[in-house]
Amino acid sequence: MSVLLETTARPLSLRRVRISGLTIAGGLVLAILVLAAALAPVIANWGPTEIDFKAQLVGPGSPGHLLGTDDNGMDIFSRLLFAARLDLGIAVAAVGIAVLFGSVLGASVGYVGGWLDELAMRVMDVFQSFPAFVLALGMATMLGTSTVNLIVVIALANTPSYVRLMRSEVRGVREQGWVEAAHCAGLGRAHILFRQVLPNSLRPVLVIAPLNCGWAILMLAGLSFVGLGVRLPTPEWGAMIAAGADDLVGGQWWTSVFPGLMLLVAVLGFNLVGEGLQERQ
Amino acid sequence: MRLLRYTLRRLVLLVPVLLGVSVVTFVLIRVLPGDPIRTLLPPTATPADIAAARARYGLNEPLVSQYWIFLKDLAHGDLGTSFQTGASVTSELGQRLGPTFELVTCALVLAVVVGVTLGITSALRAGKVWDHIVRFVSLAGGAVSEFWLGLLLIFFFYYHLGIAPAPNGRVSSDVALRPITHIDLVDSLITGNLAALRSVLAHLALPVATLAIVSAAPIVRSVRASALQVLDSDAYRCTEAHGLPMRMRVFRYVLRESLAGVPTLAALLYGYLLGGAVLVEYVFSWQGFGQWALHGMLFRDYPIVQAFVLVSAAFYVLVFLVADVLHAVLDPRVRL
């Protein structure tokens with residue numbers, strides 16, 4: 001009986017997910033970015049914070065500086081590549097934690113129900129009663145801005161939506177016949193929740209996750225932009241845009257335009273993947 | 001009548017949520033690291049000075065009695081005094097809320113108009129060139145960071161073309177605008193100050209465009225998807241078969257049905273814009289609510305942070321209430 005249940009309640013099998021063209025395009029963009037980030041020390045001709053004292057604020061196409069340098073003489077192209085590590089890393093780690101934490105919490109309260117469920121939902125009401133970016137902003141000012149803190153801040157700001165999503169999905173799945181059958185077969189509640197119900201409720205969460213990675217990068221860049229995220233000289237796209245903002249009104253556009261373009265491409269990559277997944281849902 | 005009862009019930013439910021929000025903020029900002037007193041006193045301050053300053057702001061009381069004092073003041077419409085400026089937070093809030101409200105509302109209205117138009121026209125030409133252009137632009141618009149877009153617009157329209165004013169405020173100082181509501185657009189209209197009105201509109205253009213571009217993208221996608229659904233429905237095919245004129249089909253059938261989901265989405269965006277406005281206000285030196293809050297957070301100015309969180313939460317919840325009511329009005333199938 002137990003064997004039968006295991007097979008009927010198979011989690012997300014890859015065969016059932018048809019891949020859309022958008023997802024492939026987005027995946028390709030992301031793959032290139034990840035590759036560039038991983039190979040940054042090989043591709044980049046300057047270190048992430050290395051200063052060329054002979055070339056400060058030179059334009060794109062200058063010898064040795066493909067995309068120019070900033071006012072300290074740091075190479076924009078090399079910094080963009082190194083920044084991809086931090087931006088992608090923090091965003092994906094934060095969303096990963098939010099998914100994990102939000103799913104387990106949401107599934108648990110949704111499955112158990114009762115006052116615990118009610119309490120959890122009211123707490124989520126409180127956290128969702130103001131914009132996520134404001135929540136992140138507040139937590140970042142209070143906690144400080146180490147990499148770990150930034151991951152925690154962005155993860156926490158994104159958790160409530162997963163709790164809600166998972167809870168409503170689990171409440172639907174919980175009512176299905178096979179859950180009752182699992183009960184009758186004598187499986188424990190924890191086993192049913194985490195091995196049967198949870199894997200079967202993951203789909204909407206996983207569809208949202210890539211889109212969420214895009215928001216997370218924007219959130220990180222926004223925090224860095226106002227000085228509450230990654231600090232210079234550490235390469236990060238948002239911080240680079242902030243540093244270049246003053247050059248922009250002097251006509252030196254490359255210090256802020258290129259990091260912004262990288263940000264756009266990365267978020268677009270995640271959005272394409274997410275969009276494709278939603279289309280085929 | 002049922003709508004009214006529903007609205008009242010939701011308004012009553014607002015109270016516990018706001019109380020929860022105030023408790024959470026109140027405790028969190030005091031428990032987390034960071035001391036507001038340190039930023040006020042010179043580095044040479046003695047422990048006695050620090051203790052005196054803490055007592056002056058009531059920070060030496062137990063948390064519970066601090067909160068009780070806060071609640072009592074709040075009931076009288078008093079949000080405390082700013083640690084940094086010593087001014088009444090309620091009156092500062094009054095000056096700061098208007099500009100942001102103006103910015104965010106103009107952006108949202110523009111985004112809805114542009115988003116609905118693009119969404120419907122692209123659905124009507126599904127698969128054609130126009131449709132592809134709209135879809136690509138809306139994908140890019142959804143991926144762009146608002147502060148970077150703002151900088152780009154400043155670069156083109158201020159630095160290159162010289163047609164936009166410098167990004168340093170809401171109105172030029174030489175037009176003598178008398179503040180009444182602190183919503184400059186309204187103030188210049190009721191005082192009949194045309195020079196000020198022109199200046200206000202010129203200053204509004206770029207930040208509003210920035211926020212509108214970013215928030216139009218999801219509206220386009222949602223409207224396009226629901227319009228496609230309508231176009232594919234039996235009901236719509238029936239209007240075609242009856243030979244109703246195109247104009248009527250688009251305005252009475254496609255538009256009406258595609259609009260049903262817009263209020264909820266717009267409410268979400270309104271809240272999102274309030275967060276995004278922090279960044280755009282920073283770029284354009286808007287001196288609004290968001291910039292005020294950012295400053296308050298950086299200096300641990302507790303009363304300002306509390307006021308900001310409380311007001312944005314109230315605003316957010318109210319906007320969702322309005323959206324739910326509008327949705328029910330637009331879509332008779334929805335039962336509240």
# chains A, B, ... in the order shown; residues from 1 in each chain; ligands from 1
$ interface_residues --of "chain B" --to "chain A" --cutoff "6 Å" --atoms "only C-alpha atoms" --output "number ranges by chain"
B: 17, 21, 32-33, 143-144, 271-272, 275, 312-313
$ write_last_selection --atoms "N, CA and C atoms" --output "PDB file, in the first residue's frame"
ATOM      1  N   VAL B  17      -4.443  45.070  12.462  1.00  0.00           N
ATOM      2  CA  VAL B  17      -3.243  44.976  11.618  1.00  0.00           C
ATOM      3  C   VAL B  17      -2.300  46.137  11.923  1.00  0.00           C
ATOM      4  N   VAL B  21       1.428  46.073  13.343  1.00  0.00           N
ATOM      5  CA  VAL B  21       2.545  46.727  12.661  1.00  0.00           C
ATOM      6  C   VAL B  21       3.285  47.643  13.626  1.00  0.00           C
ATOM      7  N   LEU B  32      17.014  45.847  17.749  1.00  0.00           N
ATOM      8  CA  LEU B  32      18.132  45.672  16.820  1.00  0.00           C
ATOM      9  C   LEU B  32      19.230  46.688  17.132  1.00  0.00           C
ATOM     10  N   PRO B  33      20.468  46.358  16.734  1.00  0.00           N
ATOM     11  CA  PRO B  33      21.589  47.240  17.061  1.00  0.00           C
ATOM     12  C   PRO B  33      21.433  48.627  16.431  1.00  0.00           C
ATOM     13  N   ALA B 143      12.166  44.578 -16.119  1.00  0.00           N
ATOM     14  CA  ALA B 143      13.464  44.129 -15.625  1.00  0.00           C
ATOM     15  C   ALA B 143      14.382  45.292 -15.289  1.00  0.00           C
ATOM     16  N   VAL B 144      13.948  46.510 -15.594  1.00  0.00           N
ATOM     17  CA  VAL B 144      14.841  47.649 -15.410  1.00  0.00           C
ATOM     18  C   VAL B 144      14.743  48.152 -13.966  1.00  0.00           C
ATOM     19  N   GLY B 271       1.477  50.039  -3.896  1.00  0.00           N
ATOM     20  CA  GLY B 271       2.333  49.719  -2.756  1.00  0.00           C
ATOM     21  C   GLY B 271       3.778  49.577  -3.170  1.00  0.00           C
ATOM     22  N   TYR B 272       3.992  48.925  -4.305  1.00  0.00           N
ATOM     23  CA  TYR B 272       5.351  48.739  -4.789  1.00  0.00           C
ATOM     24  C   TYR B 272       5.990  50.091  -5.103  1.00  0.00           C
ATOM     25  N   GLY B 275       7.468  51.910  -2.259  1.00  0.00           N
ATOM     26  CA  GLY B 275       8.822  51.442  -1.969  1.00  0.00           C
ATOM     27  C   GLY B 275       9.808  51.946  -3.005  1.00  0.00           C
ATOM     28  N   SER B 312       2.692  54.018   5.824  1.00  0.00           N
ATOM     29  CA  SER B 312       2.695  53.206   4.594  1.00  0.00           C
ATOM     30  C   SER B 312       1.820  51.981   4.748  1.00  0.00           C
ATOM     31  N   ALA B 313       1.813  51.396   5.941  1.00  0.00           N
ATOM     32  CA  ALA B 313       0.962  50.225   6.149  1.00  0.00           C
ATOM     33  C   ALA B 313      -0.506  50.593   5.987  1.00  0.00           C
TER      34      ALA B 313
END
$ select_by_dssp --residues "range 126-275 of chain B" --states "alpha helix (DSSP H)" --output "PyMOL selection string"
chain B and resi 129-143+146-153+184-190+194-231+234-241+246-248+256-258+262-275
$ select_by_dssp --residues "range 29-254 of chain A" --states "strand (DSSP E or B)" --output "list in words"
Ile51, Ser62, His65, Thr69, Met74 and Asp75 of chain A
$ closest_residue --among "B:Leu204, B:Trp148, B:Ala75, B:Phe308" --to "His295 in chain B" --atoms "only C-alpha atoms"
B:Phe308
$ closest_residue --among "A:Asp71, A:Met166, A:Phe194, A:Leu150" --to "Val179 in chain A" --atoms "only C-alpha atoms"
A:Phe194
$ closest_residue --among "B:Leu211, B:Leu161, B:Val23, B:Arg198" --to "Leu177 in chain B" --atoms "only C-alpha atoms"
B:Arg198
$ atom_distance --atom1 "CA of Ser199 in chain B" --atom2 "CA of Arg170 in chain B"
8.1 Å
$ decode --residues "range 59-81 of chain B" --atoms "N, CA and C atoms" --output "compact mmCIF listing (two decimals), in the first residue's frame"
# COMPACT_ATOMS: atom_id res chain seq x y z
N LEU B 59 13.80 57.22 26.48
CA LEU B 59 14.31 55.91 26.07
C LEU B 59 14.76 55.08 27.27
N ASN B 60 14.73 55.68 28.48
CA ASN B 60 15.16 54.90 29.64
C ASN B 60 14.01 54.17 30.30
N GLU B 61 12.79 54.45 29.85
CA GLU B 61 11.63 53.76 30.40
C GLU B 61 11.58 52.32 29.89
N PRO B 62 10.85 51.45 30.60
CA PRO B 62 10.69 50.09 30.06
C PRO B 62 9.93 50.14 28.73
N LEU B 63 10.19 49.14 27.88
CA LEU B 63 9.59 49.11 26.54
C LEU B 63 8.07 49.28 26.58
N VAL B 64 7.45 48.56 27.53
CA VAL B 64 5.98 48.55 27.57
C VAL B 64 5.45 49.96 27.83
N SER B 65 6.07 50.68 28.79
CA SER B 65 5.54 52.02 29.07
C SER B 65 5.88 52.98 27.94
N GLN B 66 7.04 52.78 27.27
CA GLN B 66 7.33 53.60 26.09
C GLN B 66 6.24 53.43 25.04
N TYR B 67 5.83 52.16 24.84
CA TYR B 67 4.82 51.88 23.83
C TYR B 67 3.48 52.49 24.23
N TRP B 68 3.18 52.41 25.52
CA TRP B 68 1.92 52.96 26.02
C TRP B 68 1.86 54.47 25.76
N ILE B 69 2.99 55.15 26.05
CA ILE B 69 3.05 56.60 25.79
C ILE B 69 2.85 56.87 24.30
N PHE B 70 3.51 56.06 23.47
CA PHE B 70 3.38 56.21 22.01
C PHE B 70 1.92 56.08 21.58
N LEU B 71 1.25 55.05 22.14
CA LEU B 71 -0.15 54.82 21.77
C LEU B 71 -1.05 55.97 22.21
N LYS B 72 -0.81 56.46 23.43
CA LYS B 72 -1.63 57.56 23.96
C LYS B 72 -1.47 58.80 23.08
N ASP B 73 -0.20 59.10 22.72
CA ASP B 73 0.05 60.25 21.85
C ASP B 73 -0.60 60.06 20.48
N LEU B 74 -0.49 58.82 19.99
CA LEU B 74 -1.03 58.51 18.67
C LEU B 74 -2.54 58.77 18.64
N ALA B 75 -3.22 58.43 19.74
CA ALA B 75 -4.65 58.64 19.82
C ALA B 75 -5.00 60.12 19.71
N HIS B 76 -4.05 61.00 20.07
CA HIS B 76 -4.26 62.44 19.92
C HIS B 76 -3.67 62.96 18.62
N GLY B 77 -3.30 62.04 17.71
CA GLY B 77 -2.74 62.47 16.43
C GLY B 77 -1.32 62.98 16.55
N ASP B 78 -0.63 62.61 17.64
CA ASP B 78 0.73 63.09 17.85
C ASP B 78 1.70 61.92 17.65
N LEU B 79 2.56 62.04 16.66
CA LEU B 79 3.49 60.95 16.36
C LEU B 79 4.86 61.18 17.00
N GLY B 80 4.94 62.09 17.93
CA GLY B 80 6.21 62.32 18.62
C GLY B 80 7.03 63.42 17.97
N THR B 81 8.23 63.63 18.52
CA THR B 81 9.13 64.63 17.94
C THR B 81 10.37 63.93 17.41
